[in-house]
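**Q** The structure file start32.cif (mmCIF, N, CA and C atoms and all ligand atoms) is provided below.
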```cif
data_model
loop_
_atom_site.label_atom_id
_atom_site.label_comp_id
_atom_site.auth_asym_id
_atom_site.auth_seq_id
_atom_site.Cartn_x
_atom_site.Cartn_y
_atom_site.Cartn_z
N MET M 1 -1.16 -1.36 23.37
CA MET M 1 0.03 -1.57 22.54
C MET M 1 0.97 -0.38 22.73
N ALA M 2 2.12 -0.62 23.31
CA ALA M 2 3.05 0.47 23.59
C ALA M 2 3.73 0.92 22.30
N ILE M 3 3.95 2.23 22.21
CA ILE M 3 4.69 2.73 21.05
C ILE M 3 5.94 3.46 21.53
N MET M 4 6.31 3.21 22.81
CA MET M 4 7.43 3.91 23.42
C MET M 4 8.75 3.61 22.71
N ASP M 5 8.85 2.41 22.13
CA ASP M 5 10.13 2.04 21.52
C ASP M 5 10.31 2.66 20.14
N LEU M 6 9.28 3.33 19.63
CA LEU M 6 9.44 4.01 18.34
C LEU M 6 10.08 5.37 18.57
N ASP M 7 10.83 5.83 17.58
CA ASP M 7 11.47 7.13 17.63
C ASP M 7 10.41 8.24 17.78
N PRO M 8 10.58 9.15 18.76
CA PRO M 8 9.55 10.19 18.99
C PRO M 8 9.32 11.05 17.76
N GLY M 9 10.38 11.33 17.01
CA GLY M 9 10.22 12.14 15.79
C GLY M 9 9.36 11.42 14.77
N LEU M 10 9.55 10.10 14.68
CA LEU M 10 8.76 9.29 13.76
C LEU M 10 7.29 9.27 14.19
N ILE M 11 7.06 9.10 15.48
CA ILE M 11 5.68 9.08 15.99
C ILE M 11 4.99 10.40 15.67
N GLU M 12 5.72 11.51 15.88
CA GLU M 12 5.14 12.82 15.62
C GLU M 12 4.79 12.96 14.14
N ASP M 13 5.71 12.52 13.29
CA ASP M 13 5.50 12.59 11.84
C ASP M 13 4.28 11.75 11.43
N LEU M 14 4.20 10.52 11.97
CA LEU M 14 3.08 9.64 11.63
C LEU M 14 1.77 10.19 12.16
N ASN M 15 1.82 10.75 13.37
CA ASN M 15 0.64 11.39 13.96
C ASN M 15 0.06 12.42 13.01
N LYS M 16 0.95 13.25 12.47
CA LYS M 16 0.53 14.33 11.56
C LYS M 16 -0.04 13.74 10.27
N ARG M 17 0.64 12.71 9.74
CA ARG M 17 0.17 12.14 8.48
C ARG M 17 -1.20 11.52 8.64
N LEU M 18 -1.41 10.78 9.72
CA LEU M 18 -2.71 10.15 9.95
C LEU M 18 -3.78 11.22 10.13
N ALA M 19 -3.49 12.18 11.01
CA ALA M 19 -4.47 13.24 11.29
C ALA M 19 -4.78 14.02 10.01
N GLY M 20 -3.76 14.24 9.19
CA GLY M 20 -3.94 14.97 7.93
C GLY M 20 -4.87 14.26 6.97
N HIS M 21 -5.03 12.95 7.15
CA HIS M 21 -5.95 12.18 6.31
C HIS M 21 -7.24 11.85 7.05
N GLY M 22 -7.44 12.51 8.17
CA GLY M 22 -8.68 12.32 8.91
C GLY M 22 -8.74 11.01 9.68
N VAL M 23 -7.57 10.40 9.91
CA VAL M 23 -7.52 9.14 10.66
C VAL M 23 -7.05 9.44 12.08
N ARG M 24 -7.86 9.04 13.06
CA ARG M 24 -7.48 9.27 14.46
C ARG M 24 -6.28 8.37 14.79
N PRO M 25 -5.17 8.99 15.22
CA PRO M 25 -3.95 8.19 15.43
C PRO M 25 -3.95 7.44 16.77
N THR M 26 -4.45 6.23 16.79
CA THR M 26 -4.36 5.39 17.98
C THR M 26 -2.99 4.70 17.98
N ALA M 27 -2.62 4.15 19.12
CA ALA M 27 -1.32 3.48 19.24
C ALA M 27 -1.19 2.37 18.20
N GLN M 28 -2.28 1.62 18.03
CA GLN M 28 -2.26 0.50 17.10
C GLN M 28 -2.08 0.97 15.65
N ARG M 29 -2.80 2.02 15.31
CA ARG M 29 -2.69 2.56 13.95
C ARG M 29 -1.31 3.13 13.69
N LEU M 30 -0.74 3.79 14.71
CA LEU M 30 0.62 4.34 14.56
C LEU M 30 1.62 3.22 14.35
N ARG M 31 1.40 2.12 15.06
CA ARG M 31 2.31 0.97 14.94
C ARG M 31 2.25 0.39 13.52
N ILE M 32 1.06 0.25 12.99
CA ILE M 32 0.90 -0.28 11.64
C ILE M 32 1.45 0.72 10.62
N ALA M 33 1.20 2.02 10.86
CA ALA M 33 1.71 3.06 9.96
C ALA M 33 3.23 3.05 9.94
N SER M 34 3.85 2.84 11.10
CA SER M 34 5.32 2.88 11.16
C SER M 34 5.92 1.74 10.35
N LEU M 35 5.20 0.65 10.28
CA LEU M 35 5.69 -0.51 9.53
C LEU M 35 5.56 -0.29 8.03
N LEU M 36 4.48 0.37 7.63
CA LEU M 36 4.14 0.47 6.21
C LEU M 36 4.64 1.76 5.56
N LEU M 37 4.56 2.87 6.28
CA LEU M 37 4.75 4.17 5.65
C LEU M 37 6.19 4.67 5.67
N GLY M 38 7.08 3.92 6.29
CA GLY M 38 8.46 4.37 6.43
C GLY M 38 9.20 4.56 5.11
N ARG M 39 8.84 3.79 4.12
CA ARG M 39 9.51 3.87 2.81
C ARG M 39 8.54 3.36 1.75
N PRO M 40 8.85 3.64 0.46
CA PRO M 40 7.96 3.12 -0.58
C PRO M 40 8.04 1.60 -0.61
N GLN M 41 6.93 0.94 -0.42
CA GLN M 41 6.93 -0.52 -0.43
C GLN M 41 5.53 -1.06 -0.65
N HIS M 42 5.47 -2.33 -0.99
CA HIS M 42 4.20 -3.02 -1.21
C HIS M 42 4.13 -4.17 -0.24
N LEU M 43 3.14 -4.16 0.62
CA LEU M 43 3.00 -5.24 1.60
C LEU M 43 1.59 -5.80 1.55
N SER M 44 1.49 -7.11 1.76
CA SER M 44 0.18 -7.73 1.92
C SER M 44 -0.22 -7.62 3.39
N ALA M 45 -1.49 -7.83 3.66
CA ALA M 45 -1.96 -7.80 5.05
C ALA M 45 -1.21 -8.85 5.88
N GLU M 46 -0.93 -10.00 5.25
CA GLU M 46 -0.21 -11.07 5.96
C GLU M 46 1.20 -10.62 6.34
N GLN M 47 1.84 -9.87 5.45
CA GLN M 47 3.19 -9.39 5.74
C GLN M 47 3.18 -8.34 6.85
N VAL M 48 2.17 -7.50 6.87
CA VAL M 48 2.05 -6.51 7.95
C VAL M 48 1.84 -7.25 9.27
N LEU M 49 0.98 -8.24 9.24
CA LEU M 49 0.72 -9.04 10.45
C LEU M 49 2.00 -9.71 10.94
N ALA M 50 2.75 -10.31 10.02
CA ALA M 50 4.00 -10.99 10.39
C ALA M 50 5.01 -9.98 10.95
N GLY M 51 5.07 -8.80 10.34
CA GLY M 51 5.99 -7.76 10.80
C GLY M 51 5.69 -7.33 12.23
N LEU M 52 4.42 -7.19 12.55
CA LEU M 52 4.03 -6.78 13.90
C LEU M 52 4.33 -7.89 14.90
N ARG M 53 4.06 -9.12 14.48
CA ARG M 53 4.31 -10.25 15.38
C ARG M 53 5.81 -10.42 15.62
N ASN M 54 6.62 -10.09 14.58
CA ASN M 54 8.08 -10.12 14.76
C ASN M 54 8.53 -9.10 15.80
N GLN M 55 7.77 -8.04 15.94
CA GLN M 55 8.09 -7.03 16.95
C GLN M 55 7.51 -7.42 18.31
N GLY M 56 6.97 -8.62 18.38
CA GLY M 56 6.44 -9.12 19.65
C GLY M 56 5.07 -8.58 19.99
N LEU M 57 4.35 -8.07 18.98
CA LEU M 57 3.03 -7.49 19.24
C LEU M 57 1.94 -8.46 18.86
N ARG M 58 0.91 -8.49 19.67
CA ARG M 58 -0.22 -9.36 19.39
C ARG M 58 -1.34 -8.52 18.78
N VAL M 59 -1.60 -8.77 17.52
CA VAL M 59 -2.66 -8.04 16.83
C VAL M 59 -3.48 -9.06 16.06
N SER M 60 -4.79 -8.87 16.05
CA SER M 60 -5.63 -9.82 15.32
C SER M 60 -5.61 -9.49 13.83
N LYS M 61 -5.87 -10.50 13.03
CA LYS M 61 -5.93 -10.33 11.59
C LYS M 61 -7.02 -9.31 11.22
N ALA M 62 -8.14 -9.39 11.94
CA ALA M 62 -9.26 -8.48 11.64
C ALA M 62 -8.84 -7.03 11.86
N THR M 63 -8.06 -6.78 12.92
CA THR M 63 -7.59 -5.42 13.19
C THR M 63 -6.70 -4.93 12.07
N ILE M 64 -5.83 -5.81 11.60
CA ILE M 64 -4.93 -5.44 10.50
C ILE M 64 -5.75 -5.07 9.26
N TYR M 65 -6.69 -5.93 8.90
CA TYR M 65 -7.50 -5.67 7.71
C TYR M 65 -8.29 -4.38 7.86
N ASN M 66 -8.91 -4.21 9.02
CA ASN M 66 -9.71 -3.00 9.24
C ASN M 66 -8.85 -1.75 9.12
N THR M 67 -7.65 -1.80 9.72
CA THR M 67 -6.76 -0.63 9.72
C THR M 67 -6.27 -0.35 8.30
N LEU M 68 -5.86 -1.40 7.58
CA LEU M 68 -5.36 -1.19 6.22
C LEU M 68 -6.46 -0.66 5.32
N ASN M 69 -7.68 -1.18 5.48
CA ASN M 69 -8.79 -0.68 4.67
C ASN M 69 -9.11 0.77 5.00
N LEU M 70 -9.01 1.11 6.28
CA LEU M 70 -9.22 2.50 6.70
C LEU M 70 -8.16 3.41 6.10
N PHE M 71 -6.90 2.98 6.16
CA PHE M 71 -5.80 3.75 5.59
C PHE M 71 -6.03 3.95 4.08
N ALA M 72 -6.45 2.89 3.41
CA ALA M 72 -6.65 2.97 1.96
C ALA M 72 -7.81 3.92 1.65
N ALA M 73 -8.90 3.80 2.41
CA ALA M 73 -10.07 4.65 2.17
C ALA M 73 -9.73 6.12 2.41
N SER M 74 -8.80 6.39 3.31
CA SER M 74 -8.45 7.78 3.64
C SER M 74 -7.39 8.33 2.69
N GLY M 75 -6.84 7.47 1.84
CA GLY M 75 -5.84 7.93 0.88
C GLY M 75 -4.42 7.91 1.42
N LEU M 76 -4.23 7.35 2.62
CA LEU M 76 -2.88 7.24 3.19
C LEU M 76 -2.03 6.24 2.43
N ILE M 77 -2.67 5.18 1.96
CA ILE M 77 -2.00 4.14 1.19
C ILE M 77 -2.92 3.79 0.02
N ARG M 78 -2.38 3.02 -0.89
CA ARG M 78 -3.16 2.64 -2.07
C ARG M 78 -3.31 1.13 -2.06
N GLN M 79 -4.52 0.68 -2.32
CA GLN M 79 -4.79 -0.75 -2.36
C GLN M 79 -4.66 -1.25 -3.79
N LEU M 80 -3.93 -2.34 -3.99
CA LEU M 80 -3.71 -2.89 -5.32
C LEU M 80 -4.23 -4.32 -5.37
N SER M 81 -4.98 -4.61 -6.40
CA SER M 81 -5.38 -6.00 -6.63
C SER M 81 -4.52 -6.54 -7.74
N VAL M 82 -3.75 -7.55 -7.44
CA VAL M 82 -2.84 -8.15 -8.41
C VAL M 82 -3.18 -9.63 -8.49
N GLY M 83 -3.66 -10.08 -9.62
CA GLY M 83 -4.08 -11.47 -9.70
C GLY M 83 -5.31 -11.66 -8.85
N SER M 84 -5.67 -12.89 -8.64
CA SER M 84 -6.93 -13.16 -7.95
C SER M 84 -6.71 -13.44 -6.47
N ASP M 85 -5.47 -13.76 -6.10
CA ASP M 85 -5.28 -14.32 -4.77
C ASP M 85 -4.98 -13.28 -3.70
N ARG M 86 -4.28 -12.20 -4.08
CA ARG M 86 -3.78 -11.37 -3.02
C ARG M 86 -4.00 -9.89 -3.26
N CYS M 87 -4.15 -9.19 -2.16
CA CYS M 87 -4.31 -7.76 -2.21
C CYS M 87 -3.07 -7.13 -1.59
N TRP M 88 -2.55 -6.10 -2.22
CA TRP M 88 -1.35 -5.43 -1.73
C TRP M 88 -1.68 -4.02 -1.31
N PHE M 89 -0.88 -3.54 -0.36
CA PHE M 89 -1.04 -2.16 0.09
C PHE M 89 0.26 -1.43 -0.23
N ASP M 90 0.11 -0.31 -0.95
CA ASP M 90 1.24 0.44 -1.49
C ASP M 90 1.38 1.73 -0.70
N SER M 91 2.59 1.94 -0.12
CA SER M 91 2.79 3.17 0.67
C SER M 91 3.05 4.37 -0.24
N ASN M 92 3.27 4.12 -1.53
CA ASN M 92 3.48 5.21 -2.48
C ASN M 92 2.13 5.53 -3.13
N THR M 93 1.57 6.68 -2.78
CA THR M 93 0.24 7.03 -3.31
C THR M 93 0.33 7.94 -4.53
N ASP M 94 1.56 8.30 -4.93
CA ASP M 94 1.71 9.06 -6.18
C ASP M 94 1.31 8.15 -7.34
N ALA M 95 0.82 8.76 -8.43
CA ALA M 95 0.40 7.95 -9.58
C ALA M 95 1.59 7.19 -10.14
N HIS M 96 1.45 5.90 -10.28
CA HIS M 96 2.50 5.08 -10.90
C HIS M 96 1.91 3.72 -11.26
N TYR M 97 2.68 2.97 -12.07
CA TYR M 97 2.27 1.64 -12.50
C TYR M 97 3.18 0.60 -11.86
N HIS M 98 2.98 -0.67 -12.21
CA HIS M 98 3.75 -1.73 -11.55
C HIS M 98 4.21 -2.84 -12.48
N PHE M 99 5.42 -3.33 -12.19
CA PHE M 99 5.86 -4.63 -12.66
C PHE M 99 5.43 -5.64 -11.61
N HIS M 100 4.98 -6.81 -12.05
CA HIS M 100 4.64 -7.87 -11.11
C HIS M 100 5.38 -9.14 -11.51
N ASP M 101 6.32 -9.56 -10.67
CA ASP M 101 7.04 -10.81 -10.90
C ASP M 101 6.10 -11.95 -10.51
N VAL M 102 5.65 -12.67 -11.51
CA VAL M 102 4.62 -13.69 -11.28
C VAL M 102 5.14 -14.81 -10.37
N ASP M 103 6.44 -15.11 -10.49
CA ASP M 103 6.99 -16.22 -9.71
C ASP M 103 7.20 -15.85 -8.25
N SER M 104 7.80 -14.69 -8.00
CA SER M 104 8.09 -14.31 -6.61
C SER M 104 6.95 -13.52 -5.99
N GLY M 105 6.07 -12.96 -6.83
CA GLY M 105 4.99 -12.12 -6.31
C GLY M 105 5.41 -10.68 -6.10
N ALA M 106 6.71 -10.37 -6.31
CA ALA M 106 7.22 -9.03 -6.02
C ALA M 106 6.64 -7.98 -6.95
N LEU M 107 6.34 -6.83 -6.39
CA LEU M 107 5.86 -5.68 -7.16
C LEU M 107 6.95 -4.63 -7.18
N THR M 108 7.15 -4.00 -8.35
CA THR M 108 8.12 -2.92 -8.48
C THR M 108 7.43 -1.74 -9.15
N ASP M 109 7.72 -0.54 -8.68
CA ASP M 109 7.09 0.65 -9.26
C ASP M 109 7.61 0.94 -10.66
N VAL M 110 6.72 1.42 -11.51
CA VAL M 110 7.05 1.88 -12.85
C VAL M 110 6.59 3.33 -12.95
N CYS M 111 7.50 4.23 -13.39
CA CYS M 111 7.16 5.65 -13.51
C CYS M 111 6.16 5.89 -14.64
N LEU M 112 5.29 6.86 -14.44
CA LEU M 112 4.33 7.23 -15.49
C LEU M 112 5.05 7.59 -16.79
N ARG M 113 6.18 8.29 -16.65
CA ARG M 113 6.86 8.77 -17.87
C ARG M 113 7.47 7.64 -18.69
N ASP M 114 7.57 6.44 -18.11
CA ASP M 114 8.11 5.30 -18.85
C ASP M 114 7.03 4.57 -19.64
N VAL M 115 5.80 5.04 -19.54
CA VAL M 115 4.68 4.37 -20.20
C VAL M 115 3.98 5.38 -21.10
N GLU M 116 3.59 4.94 -22.26
CA GLU M 116 2.85 5.81 -23.16
C GLU M 116 1.67 5.03 -23.73
N PHE M 117 0.48 5.55 -23.55
CA PHE M 117 -0.69 4.93 -24.15
C PHE M 117 -0.98 5.62 -25.48
N GLN M 118 -1.08 4.84 -26.55
CA GLN M 118 -1.33 5.42 -27.86
C GLN M 118 -2.80 5.78 -28.05
N ARG M 119 -3.66 4.95 -27.53
CA ARG M 119 -5.08 5.15 -27.78
C ARG M 119 -5.87 4.54 -26.63
N LEU M 120 -6.85 5.26 -26.17
CA LEU M 120 -7.74 4.73 -25.13
C LEU M 120 -9.17 4.89 -25.62
N PRO M 121 -10.05 4.00 -25.22
CA PRO M 121 -11.45 4.15 -25.66
C PRO M 121 -12.09 5.35 -24.98
N GLU M 122 -13.03 5.96 -25.67
CA GLU M 122 -13.82 7.03 -25.06
C GLU M 122 -14.62 6.44 -23.91
N PRO M 123 -14.63 7.11 -22.76
CA PRO M 123 -15.50 6.58 -21.69
C PRO M 123 -16.97 6.70 -22.11
N PRO M 124 -17.82 5.85 -21.56
CA PRO M 124 -19.26 5.91 -21.91
C PRO M 124 -19.81 7.30 -21.59
N PRO M 125 -20.92 7.65 -22.26
CA PRO M 125 -21.52 8.98 -22.04
C PRO M 125 -21.73 9.25 -20.56
N GLY M 126 -21.39 10.45 -20.14
CA GLY M 126 -21.61 10.85 -18.75
C GLY M 126 -20.51 10.39 -17.81
N MET M 127 -19.51 9.67 -18.33
CA MET M 127 -18.43 9.16 -17.48
C MET M 127 -17.11 9.82 -17.87
N ARG M 128 -16.20 9.88 -16.91
CA ARG M 128 -14.84 10.34 -17.20
C ARG M 128 -13.86 9.33 -16.65
N VAL M 129 -12.66 9.31 -17.20
CA VAL M 129 -11.62 8.40 -16.71
C VAL M 129 -11.10 8.93 -15.38
N ASP M 130 -11.16 8.12 -14.36
CA ASP M 130 -10.73 8.53 -13.02
C ASP M 130 -9.31 8.06 -12.73
N GLY M 131 -8.87 7.05 -13.44
CA GLY M 131 -7.52 6.55 -13.22
C GLY M 131 -7.28 5.32 -14.09
N ILE M 132 -6.03 5.01 -14.30
CA ILE M 132 -5.67 3.83 -15.09
C ILE M 132 -4.68 3.01 -14.28
N ASP M 133 -4.96 1.74 -14.11
CA ASP M 133 -4.01 0.84 -13.46
C ASP M 133 -3.33 0.03 -14.54
N LEU M 134 -2.03 -0.14 -14.39
CA LEU M 134 -1.28 -0.98 -15.33
C LEU M 134 -0.38 -1.90 -14.54
N ILE M 135 -0.55 -3.19 -14.74
CA ILE M 135 0.32 -4.17 -14.11
C ILE M 135 0.97 -4.97 -15.22
N ILE M 136 2.29 -4.86 -15.29
CA ILE M 136 3.05 -5.59 -16.31
C ILE M 136 3.58 -6.86 -15.67
N ARG M 137 3.00 -8.00 -16.07
CA ARG M 137 3.42 -9.28 -15.47
C ARG M 137 4.74 -9.75 -16.06
N LEU M 138 5.63 -10.19 -15.18
CA LEU M 138 6.97 -10.62 -15.59
C LEU M 138 7.20 -12.08 -15.27
N ARG M 139 7.91 -12.74 -16.18
CA ARG M 139 8.38 -14.10 -15.94
C ARG M 139 9.83 -14.18 -16.40
N ARG M 140 10.63 -14.94 -15.68
CA ARG M 140 12.05 -15.09 -16.05
C ARG M 140 12.14 -15.76 -17.43
N LYS M 141 13.07 -15.25 -18.26
CA LYS M 141 13.27 -15.84 -19.58
C LYS M 141 13.87 -17.25 -19.42
N GLU M 142 13.50 -18.13 -20.33
CA GLU M 142 14.09 -19.49 -20.33
C GLU M 142 15.58 -19.33 -20.61
N ALA M 143 16.40 -20.13 -19.90
CA ALA M 143 17.85 -20.02 -20.09
C ALA M 143 18.26 -20.58 -21.45
ZN ZN E 1 3.76 0.88 -6.08
#
```
Represent the structure from my file as structure tokens, please.
Ligand SMILES: [Zn+2]
**A**
Amino acid sequence: MAIMDLDPGLIEDLNKRLAGHGVRPTAQRLRIASLLLGRPQHLSAEQVLAGLRNQGLRVSKATIYNTLNLFAASGLIRQLSVGSDRCWFDSNTDAHYHFHDVDSGALTDVCLRDVEFQRLPEPPPGMRVDGIDLIIRLRRKEA
């Protein structure tokens, strides 16, 4: 998979980011990283696959899933489970919450400072809270 058509500065930047997370930067991984990590966004594996195919690249679904799972495990991206049907990959790994438009499926970031929890249960003995996910489901108001 050629990466010659990507901007050299971008390739160098992605190389560093992957290596910084302990991911060996292969051409295929750089290609997937360039699609996902360029800006804050939420993409499904299917959307990443479609994006690569739009660029005229032939990549198997299994490769996409393996690469995205590797990226998520290394902390390069964040994996989000929204509803039962689909898994999303978030290029923004800073702590934040989400709006989820139930009709369109679109996810939008919500800042931590816009949310306040009044009370949380004590974690069970011997456990600590490692993180909190919040997905605020949205539906258009009836006209
Ligand atoms: Zn997000």
**Q** Which residue out of M:Leu76, M:Val110, M:Leu134, M:Ala143 has the minimum interatomic distance to Leu18 (chain M) when all atoms listed in the file are used?
**A**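 The answer is M:Leu76, which sits nearest to Leu18 (chain M).
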**Q** Would you list the residues that come within 8 Å of ligand ZN 1 (chain E)? Count all atoms listed in the file and give the answer as a PyMOL selection string.
**A** chain M and resi 40-42+89-99+107-110
**Q** Export N, CA and C atoms of the chosen residues as a compact mmCIF listing (two decimals), in the coordinates of the input?
**A**
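Final file, result09.txt:
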```txt
# COMPACT_ATOMS: atom_id res chain seq x y z
N PRO M 40 8.85 3.64 0.46
CA PRO M 40 7.96 3.12 -0.58
C PRO M 40 8.04 1.60 -0.61
N GLN M 41 6.93 0.94 -0.42
CA GLN M 41 6.93 -0.52 -0.43
C GLN M 41 5.53 -1.06 -0.65
N HIS M 42 5.47 -2.33 -0.99
CA HIS M 42 4.20 -3.02 -1.21
C HIS M 42 4.13 -4.17 -0.24
N PHE M 89 -0.88 -3.54 -0.36
CA PHE M 89 -1.04 -2.16 0.09
C PHE M 89 0.26 -1.43 -0.23
N ASP M 90 0.11 -0.31 -0.95
CA ASP M 90 1.24 0.44 -1.49
C ASP M 90 1.38 1.73 -0.70
N SER M 91 2.59 1.94 -0.12
CA SER M 91 2.79 3.17 0.67
C SER M 91 3.05 4.37 -0.24
N ASN M 92 3.27 4.12 -1.53
CA ASN M 92 3.48 5.21 -2.48
C ASN M 92 2.13 5.53 -3.13
N THR M 93 1.57 6.68 -2.78
CA THR M 93 0.24 7.03 -3.31
C THR M 93 0.33 7.94 -4.53
N ASP M 94 1.56 8.30 -4.93
CA ASP M 94 1.71 9.06 -6.18
C ASP M 94 1.31 8.15 -7.34
N ALA M 95 0.82 8.76 -8.43
CA ALA M 95 0.40 7.95 -9.58
C ALA M 95 1.59 7.19 -10.14
N HIS M 96 1.45 5.90 -10.28
CA HIS M 96 2.50 5.08 -10.90
C HIS M 96 1.91 3.72 -11.26
N TYR M 97 2.68 2.97 -12.07
CA TYR M 97 2.27 1.64 -12.50
C TYR M 97 3.18 0.60 -11.86
N HIS M 98 2.98 -0.67 -12.21
CA HIS M 98 3.75 -1.73 -11.55
C HIS M 98 4.21 -2.84 -12.48
N PHE M 99 5.42 -3.33 -12.19
CA PHE M 99 5.86 -4.63 -12.66
C PHE M 99 5.43 -5.64 -11.61
N LEU M 107 6.34 -6.83 -6.39
CA LEU M 107 5.86 -5.68 -7.16
C LEU M 107 6.95 -4.63 -7.18
N THR M 108 7.15 -4.00 -8.35
CA THR M 108 8.12 -2.92 -8.48
C THR M 108 7.43 -1.74 -9.15
N ASP M 109 7.72 -0.54 -8.68
CA ASP M 109 7.09 0.65 -9.26
C ASP M 109 7.61 0.94 -10.66
N VAL M 110 6.72 1.42 -11.51
CA VAL M 110 7.05 1.88 -12.85
C VAL M 110 6.59 3.33 -12.95
```
**Q** Where in chain M does DSSP assign strand (DSSP E), given as an NGL selection string?
**A** :M and (42-44 or 78-82 or 86-90 or 97-101 or 107-110 or 135-138)
**Q** Give me a file of those residues, with N, CA and C atoms, as a JSON list (two decimals), in the coordinates of the input.
**A**
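Everything below was put into part_1.json:
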```
[["chain", "number", "residue", "atom", "x", "y", "z"],
["M", 42, "HIS", "N", 5.47, -2.33, -0.99],
["M", 42, "HIS", "CA", 4.20, -3.02, -1.21],
["M", 42, "HIS", "C", 4.13, -4.17, -0.24],
["M", 43, "LEU", "N", 3.14, -4.16, 0.62],
["M", 43, "LEU", "CA", 3.00, -5.24, 1.60],
["M", 43, "LEU", "C", 1.59, -5.80, 1.55],
["M", 44, "SER", "N", 1.49, -7.11, 1.76],
["M", 44, "SER", "CA", 0.18, -7.73, 1.92],
["M", 44, "SER", "C", -0.22, -7.62, 3.39],
["M", 78, "ARG", "N", -2.38, 3.02, -0.89],
["M", 78, "ARG", "CA", -3.16, 2.64, -2.07],
["M", 78, "ARG", "C", -3.31, 1.13, -2.06],
["M", 79, "GLN", "N", -4.52, 0.68, -2.32],
["M", 79, "GLN", "CA", -4.79, -0.75, -2.36],
["M", 79, "GLN", "C", -4.66, -1.25, -3.79],
["M", 80, "LEU", "N", -3.93, -2.34, -3.99],
["M", 80, "LEU", "CA", -3.71, -2.89, -5.32],
["M", 80, "LEU", "C", -4.23, -4.32, -5.37],
["M", 81, "SER", "N", -4.98, -4.61, -6.40],
["M", 81, "SER", "CA", -5.38, -6.00, -6.63],
["M", 81, "SER", "C", -4.52, -6.54, -7.74],
["M", 82, "VAL", "N", -3.75, -7.55, -7.44],
["M", 82, "VAL", "CA", -2.84, -8.15, -8.41],
["M", 82, "VAL", "C", -3.18, -9.63, -8.49],
["M", 86, "ARG", "N", -4.28, -12.20, -4.08],
["M", 86, "ARG", "CA", -3.78, -11.37, -3.02],
["M", 86, "ARG", "C", -4.00, -9.89, -3.26],
["M", 87, "CYS", "N", -4.15, -9.19, -2.16],
["M", 87, "CYS", "CA", -4.31, -7.76, -2.21],
["M", 87, "CYS", "C", -3.07, -7.13, -1.59],
["M", 88, "TRP", "N", -2.55, -6.10, -2.22],
["M", 88, "TRP", "CA", -1.35, -5.43, -1.73],
["M", 88, "TRP", "C", -1.68, -4.02, -1.31],
["M", 89, "PHE", "N", -0.88, -3.54, -0.36],
["M", 89, "PHE", "CA", -1.04, -2.16, 0.09],
["M", 89, "PHE", "C", 0.26, -1.43, -0.23],
["M", 90, "ASP", "N", 0.11, -0.31, -0.95],
["M", 90, "ASP", "CA", 1.24, 0.44, -1.49],
["M", 90, "ASP", "C", 1.38, 1.73, -0.70],
["M", 97, "TYR", "N", 2.68, 2.97, -12.07],
["M", 97, "TYR", "CA", 2.27, 1.64, -12.50],
["M", 97, "TYR", "C", 3.18, 0.60, -11.86],
["M", 98, "HIS", "N", 2.98, -0.67, -12.21],
["M", 98, "HIS", "CA", 3.75, -1.73, -11.55],
["M", 98, "HIS", "C", 4.21, -2.84, -12.48],
["M", 99, "PHE", "N", 5.42, -3.33, -12.19],
["M", 99, "PHE", "CA", 5.86, -4.63, -12.66],
["M", 99, "PHE", "C", 5.43, -5.64, -11.61],
["M", 100, "HIS", "N", 4.98, -6.81, -12.05],
["M", 100, "HIS", "CA", 4.64, -7.87, -11.11],
["M", 100, "HIS", "C", 5.38, -9.14, -11.51],
["M", 101, "ASP", "N", 6.32, -9.56, -10.67],
["M", 101, "ASP", "CA", 7.04, -10.81, -10.90],
["M", 101, "ASP", "C", 6.10, -11.95, -10.51],
["M", 107, "LEU", "N", 6.34, -6.83, -6.39],
["M", 107, "LEU", "CA", 5.86, -5.68, -7.16],
["M", 107, "LEU", "C", 6.95, -4.63, -7.18],
["M", 108, "THR", "N", 7.15, -4.00, -8.35],
["M", 108, "THR", "CA", 8.12, -2.92, -8.48],
["M", 108, "THR", "C", 7.43, -1.74, -9.15],
["M", 109, "ASP", "N", 7.72, -0.54, -8.68],
["M", 109, "ASP", "CA", 7.09, 0.65, -9.26],
["M", 109, "ASP", "C", 7.61, 0.94, -10.66],
["M", 110, "VAL", "N", 6.72, 1.42, -11.51],
["M", 110, "VAL", "CA", 7.05, 1.88, -12.85],
["M", 110, "VAL", "C", 6.59, 3.33, -12.95],
["M", 135, "ILE", "N", -0.55, -3.19, -14.74],
["M", 135, "ILE", "CA", 0.32, -4.17, -14.11],
["M", 135, "ILE", "C", 0.97, -4.97, -15.22],
["M", 136, "ILE", "N", 2.29, -4.86, -15.29],
["M", 136, "ILE", "CA", 3.05, -5.59, -16.31],
["M", 136, "ILE", "C", 3.58, -6.86, -15.67],
["M", 137, "ARG", "N", 3.00, -8.00, -16.07],
["M", 137, "ARG", "CA", 3.42, -9.28, -15.47],
["M", 137, "ARG", "C", 4.74, -9.75, -16.06],
["M", 138, "LEU", "N", 5.63, -10.19, -15.18],
["M", 138, "LEU", "CA", 6.97, -10.62, -15.59],
["M", 138, "LEU", "C", 7.20, -12.08, -15.27]]
```
**Q** Just the number, please: distance in Å from CA of Leu70 (chain M) to CA of Arg128 (chain M), one decimal.
**A**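 Rounded to one decimal, the two atoms are 25.8 Å apart.
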**Q** Residues of chain M classed as helix (DSSP H, G or I) by DSSP on the backbone are to be reported as a ChimeraX atom specification.
**A** /M:8-20,27-36,45-54,61-74,112-114
**Q** Would you kindly return, as a list in words, each protein, DNA or RNA residue with an atom no farther than 12 Å from any atom of Arg24 (chain M), considering only C-alpha atoms and excluding same-chain residues fewer than 3 positions away?
**A**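 Close residues of Arg24 (chain M): Leu14, Asn15, Lys16, Arg17, Leu18, Ala19, Gly20, His21, Ala27, Gln28, Arg29, Leu30, Ala33, Thr67, Leu70, Phe71 and Ser74 of chain M.
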**Q** For Gly51 (chain M), which of M:Leu35, M:Tyr65, M:Glu12, M:Ile77 is the closest residue, counting all atoms listed in the file?
**A** M:Leu35
**Q** Please determine, counting only N, CA and C atoms, which residue among M:Leu36, M:Leu138, M:Val82, M:Leu6 has the shortest atom-to-atom distance to His100 (chain M).
**A**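 Of M:Leu36, M:Leu138, M:Val82, M:Leu6, the one nearest His100 (chain M) is M:Leu138, counting only N, CA and C atoms.
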